[in-house]
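For reference, the structure discussed in these notes is given below.
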Amino acid sequence: MNEISKELIAPCGMNCAICSRYLAYRNNLNRRQCRGCRSENKKCTYLFEKCTGINNGLDGNASAVFCYECNQYPCSQINRMNDRYRKNYSMSVKDNLDCINKMGIGKFTEDQYEKYRCLKCGGLVSVHNKKCFKCDKVTKLVEKYD
Ligand SMILES: [Zn+2]
């Protein structure tokens with residue numbers, strides 16, 4: 001069963017379903033929680049007002065739903081995030097956006113589920129600390145992302 005809904009894919013291509021903060025929320029852990037970028041503030045959690053391309057996410061009024069649809073793409077902000085995630089978490093948000101653009105959001109979430117599924121419980125493994133928040137002990141209370 002694919003637990004990744006479209007709404008969990010952030011404008012930048014980040015899959016919130018595999019973020020440690022979202023997993024903390026889903027599993028009700030006593031850690032910093034987040035319901036996902038789009039459900040929290042309907043736009044980009046990282047950039048807030050600084051981003052003018054992505055405004056209201058999936059509600060229909062947005063100028064762009066994903067960053068690749070924006071006329072400023074790729075901006076320096078997403079390049080910076082892409083570099084950081086590639087270096088620290090072996091994930092590229094720009095590759096994610098490419099997949100979404102080429103294959104569609106449905107296929108992308110299916111692929112993400114295959115890639116980050118926990119083999120023990122079928123839940124999702126965090127891209128940040130590579131742990132399943134259901135099966136593995138996740139003890140550290142706070143932190144940047146792990
Ligand atoms: Zn598990």
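We name chains A, B, ... following the order of the structure tokens; residues begin at 1 in each chain, and ligands are numbered from 1 as shown.
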Which chain A residues have any atom within 9 Å of an atom of ligand 1, and for each, what is the nearest pair of atoms with distance in Å to one decimal, counting only C-alpha atoms and all ligand atoms, rows sorted by chain and number, as JSON lines?
```
{"residue": "A:Arg117", "atom": "CA", "partner": "ligand 1", "partner_atom_place_in_ligand_line": "1 (Zn)", "distance": 7.9}
{"residue": "A:Cys118", "atom": "CA", "partner": "ligand 1", "partner_atom_place_in_ligand_line": "1 (Zn)", "distance": 4.7}
{"residue": "A:Leu119", "atom": "CA", "partner": "ligand 1", "partner_atom_place_in_ligand_line": "1 (Zn)", "distance": 6.6}
{"residue": "A:Lys120", "atom": "CA", "partner": "ligand 1", "partner_atom_place_in_ligand_line": "1 (Zn)", "distance": 5.0}
{"residue": "A:Cys121", "atom": "CA", "partner": "ligand 1", "partner_atom_place_in_ligand_line": "1 (Zn)", "distance": 4.1}
{"residue": "A:Gly122", "atom": "CA", "partner": "ligand 1", "partner_atom_place_in_ligand_line": "1 (Zn)", "distance": 6.0}
{"residue": "A:Gly123", "atom": "CA", "partner": "ligand 1", "partner_atom_place_in_ligand_line": "1 (Zn)", "distance": 5.2}
{"residue": "A:Leu124", "atom": "CA", "partner": "ligand 1", "partner_atom_place_in_ligand_line": "1 (Zn)", "distance": 6.8}
{"residue": "A:Val125", "atom": "CA", "partner": "ligand 1", "partner_atom_place_in_ligand_line": "1 (Zn)", "distance": 7.2}
{"residue": "A:Lys131", "atom": "CA", "partner": "ligand 1", "partner_atom_place_in_ligand_line": "1 (Zn)", "distance": 8.1}
{"residue": "A:Cys132", "atom": "CA", "partner": "ligand 1", "partner_atom_place_in_ligand_line": "1 (Zn)", "distance": 4.7}
{"residue": "A:Phe133", "atom": "CA", "partner": "ligand 1", "partner_atom_place_in_ligand_line": "1 (Zn)", "distance": 6.7}
{"residue": "A:Lys134", "atom": "CA", "partner": "ligand 1", "partner_atom_place_in_ligand_line": "1 (Zn)", "distance": 5.0}
{"residue": "A:Cys135", "atom": "CA", "partner": "ligand 1", "partner_atom_place_in_ligand_line": "1 (Zn)", "distance": 4.2}
{"residue": "A:Asp136", "atom": "CA", "partner": "ligand 1", "partner_atom_place_in_ligand_line": "1 (Zn)", "distance": 6.9}
```
From the set A:Leu23, A:Cys44, A:Ala10, A:Cys51, which residue has the shortest atom-to-atom contact distance to Ser76 in chain A, counting only C-alpha atoms?
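Looking at the shortest contact to Ser76 in chain A, the residue is A:Cys51.
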List the neighbours of Glu110 in chain A out to 12 Å using only C-alpha atoms; skip same-chain residues closer than 2 positions along the sequence, and give me the result as a PyMOL selection string. chain A and resi 1-6+15+99-100+103-108+112-117
Using only C-alpha atoms, determine which residues lie at most 12 Å from Ser92 in chain A, disregarding the query and same-chain residues fewer than 5 positions distant; provide the list as a VMD selection string.
chain A and resid 12 to 15 78 to 87 97 to 99 127
If you run DSSP on the backbone here, which positions in range 4-142 of chain A get helix (DSSP H, G or I)? Please write them as an MDAnalysis selection string. chainID A and resid 6:8 16:18 20:26 37:41 48:50 57:59 67:69 76:89 93:103 105:116
Atom pair CA of Lys94 in chain A + CA of Ser126 in chain A, distance 18.7 Å
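Restricting the calculation to only C-alpha atoms, the smallest distance between Ser20 in chain A and any of A:His128, A:Val138, A:Gly36, A:Tyr73 is found for A:His128.
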- Work out how far apart CA of Tyr22 in chain A and CA of Lys102 in chain A are and give it in Å to one decimal.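 Separation between CA of Tyr22 in chain A and CA of Lys102 in chain A: 26.3 Å.
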